[in-house]
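Coordinates as given in query_38.cif (mmCIF, C-alpha atoms and all ligand atoms):
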```
data_protein
#
loop_
_atom_site.group_PDB
_atom_site.id
_atom_site.type_symbol
_atom_site.label_atom_id
_atom_site.label_comp_id
_atom_site.auth_asym_id
_atom_site.auth_seq_id
_atom_site.Cartn_x
_atom_site.Cartn_y
_atom_site.Cartn_z
ATOM 1 C CA MET A 732 76.601 27.636 -37.105
ATOM 2 C CA ALA A 733 80.138 26.583 -36.253
ATOM 3 C CA GLY A 734 82.272 29.379 -34.849
ATOM 4 C CA HIS A 735 82.011 32.361 -37.131
ATOM 5 C CA ASP A 736 81.164 30.311 -40.196
ATOM 6 C CA LEU A 737 78.044 31.175 -42.077
ATOM 7 C CA PRO A 738 75.224 28.686 -41.596
ATOM 8 C CA GLU A 739 74.896 25.728 -43.960
ATOM 9 C CA GLY A 740 72.674 26.537 -46.913
ATOM 10 C CA PHE A 741 73.300 30.283 -46.772
ATOM 11 C CA ARG A 742 74.393 31.715 -50.099
ATOM 12 C CA TYR A 743 75.505 35.219 -50.911
ATOM 13 C CA LEU A 744 75.545 35.990 -54.641
ATOM 14 C CA PRO A 745 76.978 39.516 -55.015
ATOM 15 C CA ALA A 746 76.250 41.533 -58.161
ATOM 16 C CA TYR A 747 73.843 38.887 -59.446
ATOM 17 C CA LEU A 748 71.868 41.512 -61.384
ATOM 18 C CA ASP A 749 73.676 44.020 -63.595
ATOM 19 C CA ARG A 750 72.570 47.637 -63.737
ATOM 20 C CA PRO A 751 70.155 47.270 -66.688
ATOM 21 C CA ALA A 752 68.508 44.280 -64.985
ATOM 22 C CA GLN A 753 68.206 46.278 -61.748
ATOM 23 C CA GLU A 754 66.611 49.197 -63.620
ATOM 24 C CA ALA A 755 64.114 46.890 -65.314
ATOM 25 C CA LEU A 756 63.251 45.287 -61.978
ATOM 26 C CA VAL A 757 62.671 48.696 -60.383
ATOM 27 C CA GLU A 758 60.108 49.407 -63.114
ATOM 28 C CA ASP A 759 58.421 46.093 -62.300
ATOM 29 C CA VAL A 760 58.360 47.015 -58.609
ATOM 30 C CA ARG A 761 56.858 50.424 -59.439
ATOM 31 C CA ALA A 762 54.046 48.652 -61.282
ATOM 32 C CA VAL A 763 53.474 46.350 -58.298
ATOM 33 C CA VAL A 764 53.356 49.320 -55.909
ATOM 34 C CA ALA A 765 50.947 51.167 -58.213
ATOM 35 C CA ALA A 766 48.525 48.220 -58.000
ATOM 36 C CA ALA A 767 49.237 47.354 -54.364
ATOM 37 C CA PRO A 768 50.327 50.473 -52.437
ATOM 38 C CA LEU A 769 53.020 50.331 -49.753
ATOM 39 C CA TYR A 770 51.527 50.348 -46.273
ATOM 40 C CA VAL A 771 52.883 50.626 -42.745
ATOM 41 C CA PRO A 772 52.885 47.223 -41.044
ATOM 42 C CA GLN A 773 52.159 47.025 -37.314
ATOM 43 C CA MET A 774 53.673 44.714 -34.739
ATOM 44 C CA PRO A 775 51.287 42.087 -33.355
ATOM 45 C CA LYS A 776 49.531 43.025 -30.084
ATOM 46 C CA THR A 777 51.303 46.360 -29.521
ATOM 47 C CA GLY A 778 50.362 47.834 -32.901
ATOM 48 C CA LYS A 779 53.745 49.570 -32.971
ATOM 49 C CA PRO A 780 54.460 50.638 -36.550
ATOM 50 C CA MET A 781 57.442 49.086 -38.298
ATOM 51 C CA SER A 782 59.909 51.458 -39.950
ATOM 52 C CA VAL A 783 59.878 49.474 -43.189
ATOM 53 C CA ARG A 784 56.957 49.969 -45.564
ATOM 54 C CA MET A 785 55.625 46.867 -47.282
ATOM 55 C CA THR A 786 53.543 45.399 -50.017
ATOM 56 C CA ASN A 787 53.469 42.061 -51.838
ATOM 57 C CA CYS A 788 53.008 40.334 -55.129
ATOM 58 C CA GLY A 789 52.119 36.708 -55.761
ATOM 59 C CA SER A 790 49.127 34.585 -54.788
ATOM 60 C CA LEU A 791 49.848 35.168 -51.085
ATOM 61 C CA GLY A 792 51.233 38.178 -49.271
ATOM 62 C CA TRP A 793 52.789 38.457 -45.827
ATOM 63 C CA VAL A 794 51.053 41.030 -43.615
ATOM 64 C CA THR A 795 51.017 42.024 -39.968
ATOM 65 C CA ASP A 796 48.823 44.238 -37.841
ATOM 66 C CA ARG A 797 47.854 44.642 -34.220
ATOM 67 C CA GLU A 798 44.751 42.464 -34.342
ATOM 68 C CA GLY A 799 45.769 39.678 -36.687
ATOM 69 C CA GLY A 800 49.527 39.343 -36.151
ATOM 70 C CA TYR A 801 51.890 37.824 -38.687
ATOM 71 C CA ARG A 802 50.142 35.921 -41.471
ATOM 72 C CA TYR A 803 49.764 35.320 -45.168
ATOM 73 C CA GLN A 804 46.647 36.402 -46.995
ATOM 74 C CA GLU A 805 45.404 36.579 -50.568
ATOM 75 C CA ARG A 806 44.419 40.255 -50.499
ATOM 76 C CA HIS A 807 45.961 43.641 -49.831
ATOM 77 C CA PRO A 808 44.898 44.792 -46.354
ATOM 78 C CA ALA A 809 43.961 48.319 -47.476
ATOM 79 C CA THR A 810 42.564 47.853 -50.983
ATOM 80 C CA GLY A 811 41.056 44.383 -50.480
ATOM 81 C CA ARG A 812 42.280 43.423 -53.925
ATOM 82 C CA PRO A 813 44.328 40.318 -54.798
ATOM 83 C CA TRP A 814 48.075 40.954 -54.961
ATOM 84 C CA PRO A 815 49.539 41.586 -58.429
ATOM 85 C CA ALA A 816 51.501 38.812 -60.120
ATOM 86 C CA ILE A 817 55.160 38.197 -59.359
ATOM 87 C CA PRO A 818 57.243 39.770 -62.166
ATOM 88 C CA ALA A 819 58.648 37.278 -64.682
ATOM 89 C CA VAL A 820 62.268 38.157 -63.946
ATOM 90 C CA LEU A 821 61.795 37.216 -60.275
ATOM 91 C CA LEU A 822 60.223 33.889 -61.253
ATOM 92 C CA GLN A 823 63.282 33.235 -63.410
ATOM 93 C CA ILE A 824 65.675 34.118 -60.579
ATOM 94 C CA TRP A 825 63.820 31.680 -58.322
ATOM 95 C CA LYS A 826 64.111 28.968 -60.990
ATOM 96 C CA ASP A 827 67.810 29.621 -61.345
ATOM 97 C CA VAL A 828 68.816 29.720 -57.675
ATOM 98 C CA SER A 829 66.190 28.085 -55.449
ATOM 99 C CA GLY A 830 66.660 24.455 -56.431
ATOM 100 C CA TYR A 831 62.941 24.057 -55.680
ATOM 101 C CA PRO A 832 60.566 22.530 -58.252
ATOM 102 C CA ALA A 833 57.548 24.789 -57.648
ATOM 103 C CA PRO A 834 57.396 28.556 -58.220
ATOM 104 C CA PRO A 835 57.296 31.049 -55.339
ATOM 105 C CA GLN A 836 53.845 31.816 -53.893
ATOM 106 C CA ALA A 837 54.739 35.048 -52.142
ATOM 107 C CA CYS A 838 57.008 37.982 -52.818
ATOM 108 C CA LEU A 839 57.289 40.470 -49.975
ATOM 109 C CA VAL A 840 58.354 43.950 -51.072
ATOM 110 C CA ASN A 841 60.149 45.896 -48.324
ATOM 111 C CA PHE A 842 60.952 49.560 -48.751
ATOM 112 C CA TYR A 843 63.533 51.107 -46.412
ATOM 113 C CA ASP A 844 64.068 54.831 -46.210
ATOM 114 C CA GLY A 845 67.362 56.080 -44.747
ATOM 115 C CA ASP A 846 66.213 55.565 -41.163
ATOM 116 C CA ALA A 847 64.460 52.234 -41.520
ATOM 117 C CA ARG A 848 65.738 48.991 -40.079
ATOM 118 C CA MET A 849 64.513 45.487 -39.388
ATOM 119 C CA GLY A 850 65.145 43.719 -36.116
ATOM 120 C CA LEU A 851 66.624 40.244 -35.895
ATOM 121 C CA HIS A 852 63.927 37.675 -36.735
ATOM 122 C CA GLN A 853 63.268 34.278 -38.288
ATOM 123 C CA ASP A 854 61.058 33.774 -41.340
ATOM 124 C CA ARG A 855 58.796 31.096 -39.945
ATOM 125 C CA ASP A 856 55.220 31.987 -40.795
ATOM 126 C CA GLU A 857 55.291 29.519 -43.693
ATOM 127 C CA ARG A 858 53.882 25.996 -43.473
ATOM 128 C CA THR A 859 56.954 24.564 -45.184
ATOM 129 C CA PHE A 860 60.625 25.279 -44.761
ATOM 130 C CA ALA A 861 61.675 22.908 -47.543
ATOM 131 C CA ALA A 862 62.013 25.764 -50.006
ATOM 132 C CA PRO A 863 64.605 28.489 -49.460
ATOM 133 C CA VAL A 864 63.929 32.196 -49.062
ATOM 134 C CA VAL A 865 65.447 34.081 -51.993
ATOM 135 C CA SER A 866 66.155 37.759 -51.368
ATOM 136 C CA VAL A 867 67.021 40.480 -53.901
ATOM 137 C CA SER A 868 68.433 43.891 -52.903
ATOM 138 C CA LEU A 869 67.971 47.114 -54.899
ATOM 139 C CA GLY A 870 69.114 50.659 -54.180
ATOM 140 C CA ASP A 871 71.105 51.845 -51.181
ATOM 141 C CA GLN A 872 73.406 49.466 -49.344
ATOM 142 C CA CYS A 873 72.409 48.025 -45.995
ATOM 143 C CA LEU A 874 74.135 46.330 -43.112
ATOM 144 C CA PHE A 875 72.671 42.826 -43.097
ATOM 145 C CA ARG A 876 73.106 40.570 -40.087
ATOM 146 C CA ILE A 877 72.770 36.797 -40.015
ATOM 147 C CA GLY A 878 73.049 34.420 -37.090
ATOM 148 C CA GLY A 879 72.060 30.899 -36.218
ATOM 149 C CA THR A 880 68.742 29.223 -35.509
ATOM 150 C CA ALA A 881 68.843 30.239 -31.831
ATOM 151 C CA ARG A 882 68.332 33.899 -30.989
ATOM 152 C CA GLY A 883 71.484 34.161 -28.887
ATOM 153 C CA ALA A 884 73.831 32.531 -31.403
ATOM 154 C CA PRO A 885 76.757 34.554 -32.802
ATOM 155 C CA THR A 886 75.976 36.723 -35.813
ATOM 156 C CA ARG A 887 77.910 38.056 -38.764
ATOM 157 C CA SER A 888 77.249 41.322 -40.541
ATOM 158 C CA PHE A 889 78.040 42.456 -44.032
ATOM 159 C CA ARG A 890 76.910 45.021 -46.553
ATOM 160 C CA LEU A 891 74.361 44.103 -49.179
ATOM 161 C CA SER A 892 74.483 46.179 -52.359
ATOM 162 C CA SER A 893 72.074 46.781 -55.204
ATOM 163 C CA GLY A 894 71.795 43.682 -57.386
ATOM 164 C CA ASP A 895 72.984 41.255 -54.681
ATOM 165 C CA LEU A 896 71.107 38.031 -53.955
ATOM 166 C CA VAL A 897 70.897 36.144 -50.676
ATOM 167 C CA VAL A 898 69.532 32.612 -50.410
ATOM 168 C CA LEU A 899 68.450 31.217 -47.043
ATOM 169 C CA GLY A 900 68.203 27.484 -47.644
ATOM 170 C CA GLY A 901 69.048 24.340 -45.760
ATOM 171 C CA GLU A 902 69.949 24.973 -42.135
ATOM 172 C CA SER A 903 70.029 28.729 -42.734
ATOM 173 C CA ARG A 904 66.339 28.726 -43.719
ATOM 174 C CA LEU A 905 65.487 29.387 -40.078
ATOM 175 C CA SER A 906 68.481 31.569 -39.263
ATOM 176 C CA PHE A 907 67.867 34.803 -37.438
ATOM 177 C CA HIS A 908 68.549 37.764 -39.707
ATOM 178 C CA GLY A 909 67.877 41.473 -39.878
ATOM 179 C CA VAL A 910 68.911 44.835 -41.255
ATOM 180 C CA ASP A 911 70.800 47.048 -38.794
ATOM 181 C CA ARG A 912 70.941 50.135 -40.954
ATOM 182 C CA ILE A 913 70.756 51.648 -44.415
ATOM 183 C CA PHE A 914 73.656 53.606 -45.912
ATOM 184 C CA PRO A 915 71.934 56.557 -47.621
ATOM 185 C CA GLY A 916 73.454 57.852 -50.840
ATOM 186 C CA THR A 917 75.313 54.635 -51.696
ATOM 187 C CA SER A 918 73.305 53.898 -54.871
ATOM 188 C CA THR A 919 71.926 55.959 -57.742
ATOM 189 C CA LEU A 920 69.348 53.333 -58.720
ATOM 190 C CA LEU A 921 66.335 54.843 -56.940
ATOM 191 C CA ARG A 922 65.728 58.501 -57.758
ATOM 192 C CA ASN A 923 64.745 59.376 -54.201
ATOM 193 C CA GLY A 924 67.127 56.985 -52.494
ATOM 194 C CA GLY A 925 66.300 54.192 -50.101
ATOM 195 C CA ARG A 926 66.463 50.446 -50.413
ATOM 196 C CA ILE A 927 64.077 47.850 -51.791
ATOM 197 C CA ASN A 928 64.289 44.235 -50.707
ATOM 198 C CA LEU A 929 62.270 41.514 -52.410
ATOM 199 C CA THR A 930 61.883 38.129 -50.709
ATOM 200 C CA LEU A 931 60.477 35.160 -52.589
ATOM 201 C CA ARG A 932 58.955 32.299 -50.620
ATOM 202 C CA ARG A 933 56.891 29.144 -50.716
ATOM 203 C CA VAL A 934 54.151 29.208 -48.108
ATOM 204 C CA ASP A 935 52.141 25.944 -48.358
ATOM 205 C CA SER A 936 54.494 23.166 -49.456
HETATM 206 C C1 LIG A 1001 63.472 40.456 -44.467
HETATM 207 O O1 LIG A 1001 64.055 39.716 -43.677
HETATM 208 O O2 LIG A 1001 62.247 40.386 -44.664
HETATM 209 C C2 LIG A 1001 64.216 41.507 -45.218
HETATM 210 C C3 LIG A 1001 65.677 41.292 -45.289
HETATM 211 C C4 LIG A 1001 66.329 42.399 -46.072
HETATM 212 O O3 LIG A 1001 65.760 43.503 -46.170
HETATM 213 O O4 LIG A 1001 67.433 42.189 -46.620
HETATM 214 FE FE FE2 A 1002 63.159 37.949 -42.989
#
```

Transcribe the structure of this file into structure tokens.
Amino acid sequence: MAGHDLPEGFRYLPAYLDRPAQEALVEDVRAVVAAAPLYVPQMPKTGKPMSVRMTNCGSLGWVTDREGGYRYQERHPATGRPWPAIPAVLLQIWKDVSGYPAPPQACLVNFYDGDARMGLHQDRDERTFAAPVVSVSLGDQCLFRIGGTARGAPTRSFRLSSGDLVVLGGESRLSFHGVDRIFPGTSTLLRNGGRINLTLRRVDS
């Protein structure tokens, strides 16, 4: 990242989804959560609970716990069932913005309540970084931070709103990023507030 420029391959597509599309997607996410309940992920080794609750859809889901650490697996850690399918509208978004010929294999569903956050990290548990990470925000705004591919590199922060898309491709595929805070009460999309983030990824190739 040069100076305060955003990294190459980073794209911010504000207001990509209009309100009706956001409402329809929330219904899809509710169906995913009904089949694959949100659970509390744990940090590797320490077992410290994360503040974000998670589930997945797609053939592979990203999970983490004390014993196994960060990984992808085909089944929900609590129910033992395969993850539900990725909703059609998300597959279409991927087609439209990823520039990648194959469909996403994993869709991580993150739910943030008003106090949740996510520390600065890289998405690097995949076996390929050729495909971008495509991220969809729903519900309350958050303060999103993005830096470079080294942990100490300068970062930039901005608010993500409901319906916004972020694409981490190219050099930015391995950029450090995180969510510093949620701004409660900034969206009426989710009846009980909070923020949902959906990240679409290729895992194998
Ligand atoms: C993530 O990095 O997994 C989530 C990013 C976000 O919530 O916007
Ligand atoms: Fe991430």

Who sits within 8 Å of Asp844 (chain A), all atoms listed in the file, same chain under 5 positions skipped, as a PyMOL selection string: chain A and resi 783+913+924-926

Restrict the calculation to only C-alpha atoms and all ligand atoms, then for each residue of chain A with any atom at most 8 Å from an atom of ligand LIG 1001 (chain A) give the closest atom pair and their distance in Å to one decimal, rows by chain and rising residue number, as a tab-separated table.
```
residue	atom	partner	partner_atom	distance
A:Leu839	CA	A:LIG1001	O2	7.3
A:Asn841	CA	A:LIG1001	O3	6.5
A:Tyr843	CA	A:LIG1001	O3	7.9
A:Met849	CA	A:LIG1001	C2	7.1
A:His852	CA	A:LIG1001	O1	7.2
A:Gln853	CA	A:LIG1001	O1	7.7
A:Asp854	CA	A:LIG1001	O1	7.1
A:Ser866	CA	A:LIG1001	O4	6.6
A:Val867	CA	A:LIG1001	O4	7.5
A:Ser868	CA	A:LIG1001	O4	6.6
A:Cys873	CA	A:LIG1001	O4	7.7
A:Phe875	CA	A:LIG1001	O4	6.3
A:Leu891	CA	A:LIG1001	O4	7.6
A:His908	CA	A:LIG1001	O1	6.3
A:Gly909	CA	A:LIG1001	O1	5.7
A:Val910	CA	A:LIG1001	C4	6.0
A:Ile927	CA	A:LIG1001	O3	7.3
A:Asn928	CA	A:LIG1001	O3	4.8
A:Leu929	CA	A:LIG1001	O3	7.4
A:Thr930	CA	A:LIG1001	O2	6.5
```

Residue subset to file, keeping C-alpha atoms, as a tab-separated table (two decimals), in the coordinates of the input:
```
chain	number	residue	atom	x	y	z
A	839	LEU	CA	57.29	40.47	-49.98
A	841	ASN	CA	60.15	45.90	-48.32
A	843	TYR	CA	63.53	51.11	-46.41
A	849	MET	CA	64.51	45.49	-39.39
A	852	HIS	CA	63.93	37.67	-36.74
A	853	GLN	CA	63.27	34.28	-38.29
A	854	ASP	CA	61.06	33.77	-41.34
A	866	SER	CA	66.16	37.76	-51.37
A	867	VAL	CA	67.02	40.48	-53.90
A	868	SER	CA	68.43	43.89	-52.90
A	873	CYS	CA	72.41	48.02	-46.00
A	875	PHE	CA	72.67	42.83	-43.10
A	891	LEU	CA	74.36	44.10	-49.18
A	908	HIS	CA	68.55	37.76	-39.71
A	909	GLY	CA	67.88	41.47	-39.88
A	910	VAL	CA	68.91	44.84	-41.26
A	927	ILE	CA	64.08	47.85	-51.79
A	928	ASN	CA	64.29	44.24	-50.71
A	929	LEU	CA	62.27	41.51	-52.41
A	930	THR	CA	61.88	38.13	-50.71
```

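In this model, the gap between CA of Leu869 (chain A) and CA of Ser906 (chain A) comes to 22.1 Å.
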
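Between ligand FE2 1002 (chain A) and the candidates A:Pro738, A:Gly800, A:Pro863, A:Pro835, the tightest atom-to-atom separation, counting only C-alpha atoms and all ligand atoms, involves A:Pro863.
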
Report as a compact mmCIF listing (two decimals) with C-alpha atoms, keeping the file's coordinate frame the residues that result from applying the PyMOL selection byres (((chain A and resi 837) around 6) and not hetatm) to the structure here.
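Okay, this is what ended up in selection.txt:
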```txt
# COMPACT_ATOMS: atom_id res chain seq x y z
CA GLY A 789 52.12 36.71 -55.76
CA LEU A 791 49.85 35.17 -51.08
CA GLY A 792 51.23 38.18 -49.27
CA PRO A 835 57.30 31.05 -55.34
CA GLN A 836 53.84 31.82 -53.89
CA CYS A 838 57.01 37.98 -52.82
CA LEU A 931 60.48 35.16 -52.59
CA ARG A 932 58.96 32.30 -50.62
```

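The nearest approach to Ala765 (chain A) among the residues A:Pro815, A:Pro834, A:Gly740, A:Pro915, with all atoms listed in the file taken into account, belongs to A:Pro815.
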
Quick one: pull the distance between CA of Arg797 (chain A) and CA of Val760 (chain A), Å, one decimal. 26.7 Å

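As for CA of Val757 (chain A) and CA of Tyr831 (chain A), they are spaced 25.1 Å apart.
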
Evaluate the PyMOL selection byres (((chain A and resi 894) around 7) and not hetatm) here and jot the selected residues down as a list in words.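 On the file shown, the PyMOL selection byres (((chain A and resi 894) around 7) and not hetatm) covers Ala746, Tyr747, Leu748, Asp749, Gln753, Val867, Ser868, Leu869, Ser892, Ser893, Asp895 and Leu896 of chain A.
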
Excluding Leu737 (chain A) and residues on its chain fewer than 4 positions from it, collect all residues at most 10 Å away from it, counting all atoms listed in the file, and give them as a short mmCIF file (atom, residue, chain, number, x, y, z; two decimals) with C-alpha atoms, in the frame of the given file.
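The result, written out as selection_21.cif:
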```cif
data_model
loop_
_atom_site.label_atom_id
_atom_site.label_comp_id
_atom_site.auth_asym_id
_atom_site.auth_seq_id
_atom_site.Cartn_x
_atom_site.Cartn_y
_atom_site.Cartn_z
CA MET A 732 76.60 27.64 -37.10
CA ALA A 733 80.14 26.58 -36.25
CA PHE A 741 73.30 30.28 -46.77
CA ARG A 742 74.39 31.72 -50.10
CA ILE A 877 72.77 36.80 -40.02
CA GLY A 878 73.05 34.42 -37.09
CA GLY A 879 72.06 30.90 -36.22
CA PRO A 885 76.76 34.55 -32.80
CA THR A 886 75.98 36.72 -35.81
CA ARG A 887 77.91 38.06 -38.76
CA SER A 903 70.03 28.73 -42.73
CA SER A 906 68.48 31.57 -39.26
#
```

What would the selection look like, as JSON, numbers by chain, if the PyMOL selection byres (((chain A and resi 816) around 9) and not hetatm) were run on the coordinates I just shared? {"A": [763, 788, 789, 790, 814, 815, 817, 818, 819]}

As lines of an AutoDock Vina configuration file: centre and edge lengths in Å, one decimal, of the axis-aligned box holding region 777-787 of chain A with 6 Å per side:
```
center_x = 55.1
center_y = 46.8
center_z = -40.7
size_x = 21.5
size_y = 21.4
size_z = 34.3
```

Would you kindly return, as a PyMOL selection string, each protein, DNA or RNA residue with an atom no farther than 9 Å from any atom of Arg812 (chain A), considering all atoms listed in the file and excluding same-chain residues fewer than 4 positions away? chain A and resi 766-767+805-808
